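**Student:** PDB, C-alpha atoms, saved as final25.pdb, coming up:
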```pdb
ATOM      1  CA  PRO E 810    -181.057  10.781  87.554
ATOM      2  CA  GLY E 811    -181.598  13.435  90.127
ATOM      3  CA  ASP E 812    -183.496  13.943  93.345
ATOM      4  CA  THR E 813    -185.178  11.039  95.106
ATOM      5  CA  LEU E 814    -188.948  11.273  95.342
ATOM      6  CA  GLU E 815    -190.310  11.623  98.836
ATOM      7  CA  LEU E 816    -193.456   9.482  98.953
ATOM      8  CA  PRO E 817    -195.626   8.953 102.049
ATOM      9  CA  ALA E 818    -195.191   5.487 103.597
ATOM     10  CA  SER E 819    -198.999   5.096 103.615
ATOM     11  CA  LEU E 820    -198.925   4.931  99.813
ATOM     12  CA  GLY E 821    -197.394   1.475  99.888
ATOM     13  CA  PHE E 822    -196.706   1.279  96.164
ATOM     14  CA  VAL E 823    -197.292   3.438  93.096
ATOM     15  CA  TYR E 824    -199.250   2.135  90.143
ATOM     16  CA  GLN E 825    -200.435   5.376  88.515
ATOM     17  CA  ILE E 826    -199.004   8.840  88.010
ATOM     18  CA  ALA E 827    -200.949  11.823  86.673
ATOM     19  CA  ALA E 828    -199.150  15.081  85.954
ATOM     20  CA  GLY E 829    -201.214  18.172  85.273
ATOM     21  CA  PRO E 830    -200.973  21.955  85.223
ATOM     22  CA  ARG E 831    -201.547  22.155  88.997
ATOM     23  CA  GLY E 832    -199.188  19.434  90.197
ATOM     24  CA  THR E 833    -198.694  15.690  90.239
ATOM     25  CA  VAL E 834    -200.781  12.901  91.747
ATOM     26  CA  VAL E 835    -199.642   9.338  92.433
ATOM     27  CA  ALA E 836    -202.053   6.519  93.270
ATOM     28  CA  GLY E 837    -201.169   3.333  95.074
ATOM     29  CA  GLY E 838    -204.057   0.921  95.364
ATOM     30  CA  THR E 839    -206.292   2.543  97.971
ATOM     31  CA  SER E 840    -204.538   5.866  98.610
ATOM     32  CA  VAL E 841    -203.399   8.995  96.781
ATOM     33  CA  ALA E 842    -200.526  11.430  97.347
ATOM     34  CA  TRP E 843    -200.046  14.824  95.711
ATOM     35  CA  SER E 844    -197.236  17.251  94.995
ATOM     36  CA  THR E 845    -196.867  20.751  93.622
ATOM     37  CA  ASP E 846    -193.243  20.244  92.561
ATOM     38  CA  GLY E 847    -193.255  16.573  91.509
ATOM     39  CA  LEU E 848    -190.632  15.663  94.129
ATOM     40  CA  HIS E 849    -192.176  16.081  97.577
ATOM     41  CA  PHE E 850    -195.488  14.278  98.074
ATOM     42  CA  ALA E 851    -198.065  14.361 100.868
ATOM     43  CA  ASP E 852    -201.099  12.206 101.569
ATOM     44  CA  ALA E 853    -204.325  13.706 100.276
ATOM     45  CA  ALA E 854    -206.250  15.292 103.160
ATOM     46  CA  ARG E 855    -209.350  13.620 101.764
ATOM     47  CA  GLY E 856    -208.566  11.096  99.085
ATOM     48  CA  PRO E 857    -210.872   9.530  96.511
ATOM     49  CA  ASN E 858    -211.082   6.520  98.780
ATOM     50  CA  ALA E 859    -212.076   8.521 101.868
ATOM     51  CA  PRO E 860    -215.055   7.520 103.991
ATOM     52  CA  ARG E 861    -218.231   8.433 102.140
ATOM     53  CA  SER E 862    -220.033   9.470 105.303
ATOM     54  CA  GLU E 863    -219.139  11.621 108.274
ATOM     55  CA  THR E 864    -218.871   8.569 110.541
ATOM     56  CA  SER E 865    -215.434   7.629 111.761
ATOM     57  CA  GLY E 866    -213.707   4.419 112.725
ATOM     58  CA  ALA E 867    -212.484   1.371 110.845
ATOM     59  CA  ASP E 868    -215.957   0.540 109.517
ATOM     60  CA  ALA E 869    -216.218   3.913 107.751
ATOM     61  CA  VAL E 870    -213.083   3.481 105.635
ATOM     62  CA  ASN E 871    -213.738   2.466 102.058
ATOM     63  CA  THR E 872    -211.118  -0.095 101.027
ATOM     64  CA  VAL E 873    -212.094  -0.257  97.376
ATOM     65  CA  SER E 874    -209.122   0.104  95.040
ATOM     66  CA  ILE E 875    -208.841   3.383  93.189
ATOM     67  CA  GLY E 876    -209.286   2.991  89.441
ATOM     68  CA  PRO E 877    -207.818   5.158  86.677
ATOM     69  CA  VAL E 878    -206.437   8.548  87.783
ATOM     70  CA  PHE E 879    -205.784  11.253  85.178
ATOM     71  CA  ALA E 880    -205.165  14.981  84.819
ATOM     72  CA  THR E 881    -207.553  17.407  83.122
ATOM     73  CA  GLN E 882    -207.221  21.134  82.402
ATOM     74  CA  ASN E 883    -209.122  21.871  85.622
ATOM     75  CA  GLY E 884    -207.485  19.368  87.971
ATOM     76  CA  PHE E 885    -207.496  15.618  88.546
ATOM     77  CA  VAL E 886    -210.108  12.882  88.192
ATOM     78  CA  ALA E 887    -210.056   9.470  89.875
ATOM     79  CA  LEU E 888    -212.548   6.769  88.962
ATOM     80  CA  VAL E 889    -213.483   4.863  92.113
ATOM     81  CA  PRO E 890    -215.453   1.634  91.730
ATOM     82  CA  SER E 891    -218.801   1.503  93.485
ATOM     83  CA  ARG E 892    -217.936  -1.884  94.983
ATOM     84  CA  ASP E 893    -214.886  -3.976  95.779
ATOM     85  CA  ALA E 894    -212.517  -4.574  92.874
ATOM     86  CA  PRO E 895    -208.899  -5.663  92.669
ATOM     87  CA  TRP E 896    -206.425  -2.950  91.700
ATOM     88  CA  GLY E 897    -205.660  -3.104  88.004
ATOM     89  CA  GLY E 898    -209.332  -3.522  87.096
ATOM     90  CA  PRO E 899    -211.803  -3.995  85.722
ATOM     91  CA  PHE E 900    -213.431  -1.392  87.939
ATOM     92  CA  PRO E 901    -217.206  -1.898  88.321
ATOM     93  CA  GLU E 902    -219.552   1.075  87.972
ATOM     94  CA  PRO E 903    -216.907   3.719  88.789
ATOM     95  CA  VAL E 904    -217.873   7.094  90.223
ATOM     96  CA  PRO E 905    -215.695  10.107  89.274
ATOM     97  CA  TRP E 906    -213.982  11.967  92.106
ATOM     98  CA  PHE E 907    -212.476  15.407  91.404
ATOM     99  CA  SER E 908    -209.631  17.416  92.929
ATOM    100  CA  ALA E 909    -208.314  20.777  91.742
ATOM    101  CA  ASP E 910    -204.763  20.043  92.964
ATOM    102  CA  GLY E 911    -204.783  16.455  94.303
ATOM    103  CA  SER E 912    -204.903  17.418  97.982
ATOM    104  CA  ARG E 913    -208.652  17.141  98.602
ATOM    105  CA  TRP E 914    -211.104  14.970  96.642
ATOM    106  CA  ASN E 915    -214.893  14.989  96.363
ATOM    107  CA  PRO E 916    -217.256  12.649  94.539
ATOM    108  CA  VAL E 917    -218.884  14.232  91.495
ATOM    109  CA  ALA E 918    -221.981  12.022  91.540
ATOM    110  CA  SER E 919    -223.547   9.378  93.750
ATOM    111  CA  GLU E 920    -224.067   6.967  90.835
ATOM    112  CA  SER E 921    -221.776   5.851  88.063
ATOM    113  CA  PRO E 922    -222.122   7.832  84.808
ATOM    114  CA  PHE E 923    -221.028   4.650  82.999
ATOM    115  CA  GLY E 924    -224.287   2.861  83.820
ATOM    116  CA  MET E 925    -225.365  -0.091  85.866
ATOM    117  CA  GLY E 926    -223.242  -3.166  85.367
ATOM    118  CA  ALA E 927    -220.541  -1.255  83.453
ATOM    119  CA  SER E 928    -216.861  -1.946  84.065
ATOM    120  CA  VAL E 929    -214.011   0.371  83.084
ATOM    121  CA  PHE E 930    -210.451  -0.850  82.511
ATOM    122  CA  ASP E 931    -208.574   2.320  81.616
ATOM    123  CA  VAL E 932    -208.825   5.940  80.435
ATOM    124  CA  ALA E 933    -206.759   7.712  77.775
ATOM    125  CA  ALA E 934    -206.661  11.322  76.596
ATOM    126  CA  HIS E 935    -206.750  12.318  72.937
ATOM    127  CA  ASP E 936    -207.217  15.798  71.426
ATOM    128  CA  GLY E 937    -208.655  17.255  74.633
ATOM    129  CA  ARG E 938    -211.153  14.417  75.087
ATOM    130  CA  TYR E 939    -211.045  11.384  77.317
ATOM    131  CA  VAL E 940    -211.825   7.855  76.225
ATOM    132  CA  ALA E 941    -212.707   5.106  78.701
ATOM    133  CA  LEU E 942    -212.408   1.492  77.658
ATOM    134  CA  GLY E 943    -214.704  -0.976  79.316
ATOM    135  CA  ARG E 944    -215.994  -4.462  78.947
ATOM    136  CA  GLU E 945    -217.739  -4.417  75.547
ATOM    137  CA  ALA E 946    -218.162  -0.625  75.682
ATOM    138  CA  VAL E 947    -216.367   2.668  75.031
ATOM    139  CA  TRP E 948    -217.237   6.047  76.571
ATOM    140  CA  VAL E 949    -216.075   9.579  75.739
ATOM    141  CA  SER E 950    -215.899  12.711  77.877
ATOM    142  CA  ASP E 951    -214.870  16.335  77.439
ATOM    143  CA  ASP E 952    -214.078  16.859  81.134
ATOM    144  CA  GLY E 953    -213.535  13.388  82.644
ATOM    145  CA  LEU E 954    -216.560  13.876  84.904
ATOM    146  CA  SER E 955    -219.573  13.196  82.670
ATOM    147  CA  TRP E 956    -219.407  10.342  80.171
ATOM    148  CA  GLU E 957    -221.287   9.356  77.020
ATOM    149  CA  ARG E 958    -221.349   5.772  75.840
ATOM    150  CA  LEU E 959    -220.561   5.345  72.153
ATOM    151  CA  PRO E 960    -223.002   3.286  70.102
ATOM    152  CA  ALA E 961    -222.183  -0.406  70.047
ATOM    153  CA  LEU E 962    -220.131  -1.509  67.096
ATOM    154  CA  GLU E 963    -221.632  -4.154  64.908
ATOM    155  CA  SER E 964    -219.948  -7.516  65.045
ATOM    156  CA  PRO E 965    -218.291  -8.488  61.783
ATOM    157  CA  GLU E 966    -220.054 -11.209  59.904
ATOM    158  CA  ALA E 967    -218.453 -14.605  60.022
ATOM    159  CA  CYS E 968    -216.452 -15.557  56.960
ATOM    160  CA  GLU E 969    -216.416 -18.859  55.221
ATOM    161  CA  PRO E 970    -212.966 -20.459  55.420
ATOM    162  CA  GLY E 971    -210.764 -18.804  52.816
ATOM    163  CA  ALA E 972    -213.419 -16.231  51.783
ATOM    164  CA  CYS E 973    -212.043 -13.377  53.905
ATOM    165  CA  MET E 974    -208.405 -13.778  53.028
ATOM    166  CA  LEU E 975    -206.578 -10.874  51.435
ATOM    167  CA  GLN E 976    -205.143 -11.873  48.088
ATOM    168  CA  LEU E 977    -202.139 -10.096  46.685
ATOM    169  CA  VAL E 978    -202.078  -9.871  42.894
TER     170      VAL E 978
END
```
What would you get if you wrote out this structure as structure tokens?
**Tutor:**
Amino acid sequence: PGDTLELPASLGFVYQIAAGPRGTVVAGGTSVAWSTDGLHFADAARGPNAPRSETSGADAVNTVSIGPVFATQNGFVALVPSRDAPWGGPFPEPVPWFSADGSRWNPVASESPFGMGASVFDVAAHDGRYVALGREAVWVSDDGLSWERLPALESPEACEPGACMLQLV
């Protein structure tokens, strides 16, 4: 209960919220809005889905859905897929975009730190580190910008019927 949020009409819908020490960011498919007070939001001047070149016009707008958005100690990170993907993921070969306060975003790299062919579903924070879950892979990061893939887990050996059952004595 309380004040009604003022969200820009261009946002369309909200599917992610990231609250950090410098404000709040909401993502809605292909756009981002930011707020310093958590109540009054404005469109990002340059969002993580902004044109990647200085050209203008409809052809310059990147319509790729924005992937996971999360807060770090230094600002906000949005993972933007390198090619078209439906919102909700998986997000193919995402490139991290960074913003100190959510108002202006810049790509951190030109290629995905997750590797070629990698897809990321979601990101979670734990003990000051970030964990990204992908298709058959897990990555960790200390800042949300550079990522290290964890070694592949070995598949469990197949069990004969009845041989792997837990028996209570």
**Student:** Considering all atoms listed in the file, can you say which of E:Ser921, E:Asn858, E:Ser928, E:Asn915 comes closest to Phe885 in chain E?
**Tutor:**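 Among the listed residues, the smallest separation from Phe885 in chain E belongs to E:Asn915.
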**Student:** Show me as a PyMOL selection string the residues that reach within 7 Å of (-205.5, 11.3, 82.9), counting all atoms listed in the file and using the file's own coordinates.
**Tutor:** chain E and resi 827+878-881+932-934
**Student:** Those same residues - C-alpha atoms - I'd like them written as an mmCIF file, in the coordinates of the input.
**Tutor:**
```cif
data_model
loop_
_atom_site.group_PDB
_atom_site.id
_atom_site.type_symbol
_atom_site.label_atom_id
_atom_site.label_comp_id
_atom_site.auth_asym_id
_atom_site.auth_seq_id
_atom_site.Cartn_x
_atom_site.Cartn_y
_atom_site.Cartn_z
ATOM 1 C CA ALA E 827 -200.949 11.823 86.673
ATOM 2 C CA VAL E 878 -206.437 8.548 87.783
ATOM 3 C CA PHE E 879 -205.784 11.253 85.178
ATOM 4 C CA ALA E 880 -205.165 14.981 84.819
ATOM 5 C CA THR E 881 -207.553 17.407 83.122
ATOM 6 C CA VAL E 932 -208.825 5.940 80.435
ATOM 7 C CA ALA E 933 -206.759 7.712 77.775
ATOM 8 C CA ALA E 934 -206.661 11.322 76.596
#
```
**Student:** Restricting the calculation to only C-alpha atoms: of E:Pro916, E:Gly838, E:Gly924, E:Gly953, which residue gets closest to Arg855 in chain E?
**Tutor:**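 Selected residue with least distance to Arg855 in chain E: E:Pro916.
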**Student:** Can you tell me, as JSON, numbers by chain, what residues are no more than 6 Å from Pro890 in chain E when counting all atoms listed in the file, ignoring any on the same chain fewer than 6 positions away?
**Tutor:** {"E": [900, 901, 902, 903]}
**Student:** Could you tell me, as number ranges by chain, which residues have any atom at most 10 Å from (-211.8, 2.6, 94.0), counting only C-alpha atoms?
**Tutor:** E: 838-840, 857-859, 871-877, 887-896, 898, 900-906
**Student:** Between CA of Val835 in chain E and CA of Trp948 in chain E, what distance in Å does the model show, to one decimal?
**Tutor:**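 These two atoms are separated by 23.9 Å.
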**Student:** Determine the nearest neighbour of Ser908 in chain E from the options E:Val940, E:Val949, E:Val834, E:Ile826, counting only C-alpha atoms.
**Tutor:**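 Among the listed residues, the smallest separation from Ser908 in chain E belongs to E:Val834.
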**Student:** If the PyMOL selection byres ((chain E and resi 945) around 10) is run on the structure shown, which residues does it catch, given as a list in words?
**Tutor:** Ala927, Ser928, Val929, Leu942, Gly943, Arg944, Ala946, Val947, Ala961 and Leu962 of chain E
**Student:** Quick one: residues within 9 Å of range 812-821 of chain E, only C-alpha atoms, excluding same-chain residues fewer than 5 positions away - as an mmCIF file with C-alpha atoms, in the coordinates of the input?
**Tutor:**
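This went into part.cif:
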```
data_model
loop_
_atom_site.group_PDB
_atom_site.id
_atom_site.type_symbol
_atom_site.label_atom_id
_atom_site.label_comp_id
_atom_site.auth_asym_id
_atom_site.auth_seq_id
_atom_site.Cartn_x
_atom_site.Cartn_y
_atom_site.Cartn_z
ATOM 1 C CA VAL E 835 -199.642 9.338 92.433
ATOM 2 C CA ALA E 836 -202.053 6.519 93.270
ATOM 3 C CA GLY E 837 -201.169 3.333 95.074
ATOM 4 C CA GLY E 838 -204.057 0.921 95.364
ATOM 5 C CA THR E 839 -206.292 2.543 97.971
ATOM 6 C CA SER E 840 -204.538 5.866 98.610
ATOM 7 C CA VAL E 841 -203.399 8.995 96.781
ATOM 8 C CA ALA E 842 -200.526 11.430 97.347
ATOM 9 C CA GLY E 847 -193.255 16.573 91.509
ATOM 10 C CA LEU E 848 -190.632 15.663 94.129
ATOM 11 C CA HIS E 849 -192.176 16.081 97.577
ATOM 12 C CA PHE E 850 -195.488 14.278 98.074
ATOM 13 C CA ALA E 851 -198.065 14.361 100.868
ATOM 14 C CA ASP E 852 -201.099 12.206 101.569
#
```
**Student:** Show me, as AutoDock Vina command-line options, the centre and edge lengths in Å to one decimal of the axis-aligned box that covers every listed atom of range 899-902 of chain E with 4 Å on each side.
**Tutor:**
```
--center_x -215.7 --center_y -1.5 --center_z 87.0 --size_x 15.7 --size_y 13.1 --size_z 10.6
```
**Student:** How many Å separate CA of Gly926 in chain E from CA of Phe822 in chain E?
**Tutor:**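 One can read the CA of Gly926 in chain E to CA of Phe822 in chain E distance as 29.0 Å.
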**Student:** Any idea what the distance is between CA of Asp951 in chain E and CA of Gly937 in chain E?
**Tutor:**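 These two atoms are separated by 6.9 Å.
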**Student:** Got a sec to resolve the PyMOL selection byres ((chain E and resi 954) around 8) on this structure and send the residues as a VMD selection string?
**Tutor:** chain E and resid 886 905 to 907 917 950 952 to 953 955 to 956
**Student:** Of the residues E:Pro960, E:Glu920, E:Gly856, E:Thr845, which is the one nearest to Gly832 in chain E, using only C-alpha atoms?
**Tutor:**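 For Gly832 in chain E, the nearest of the candidates is E:Thr845.
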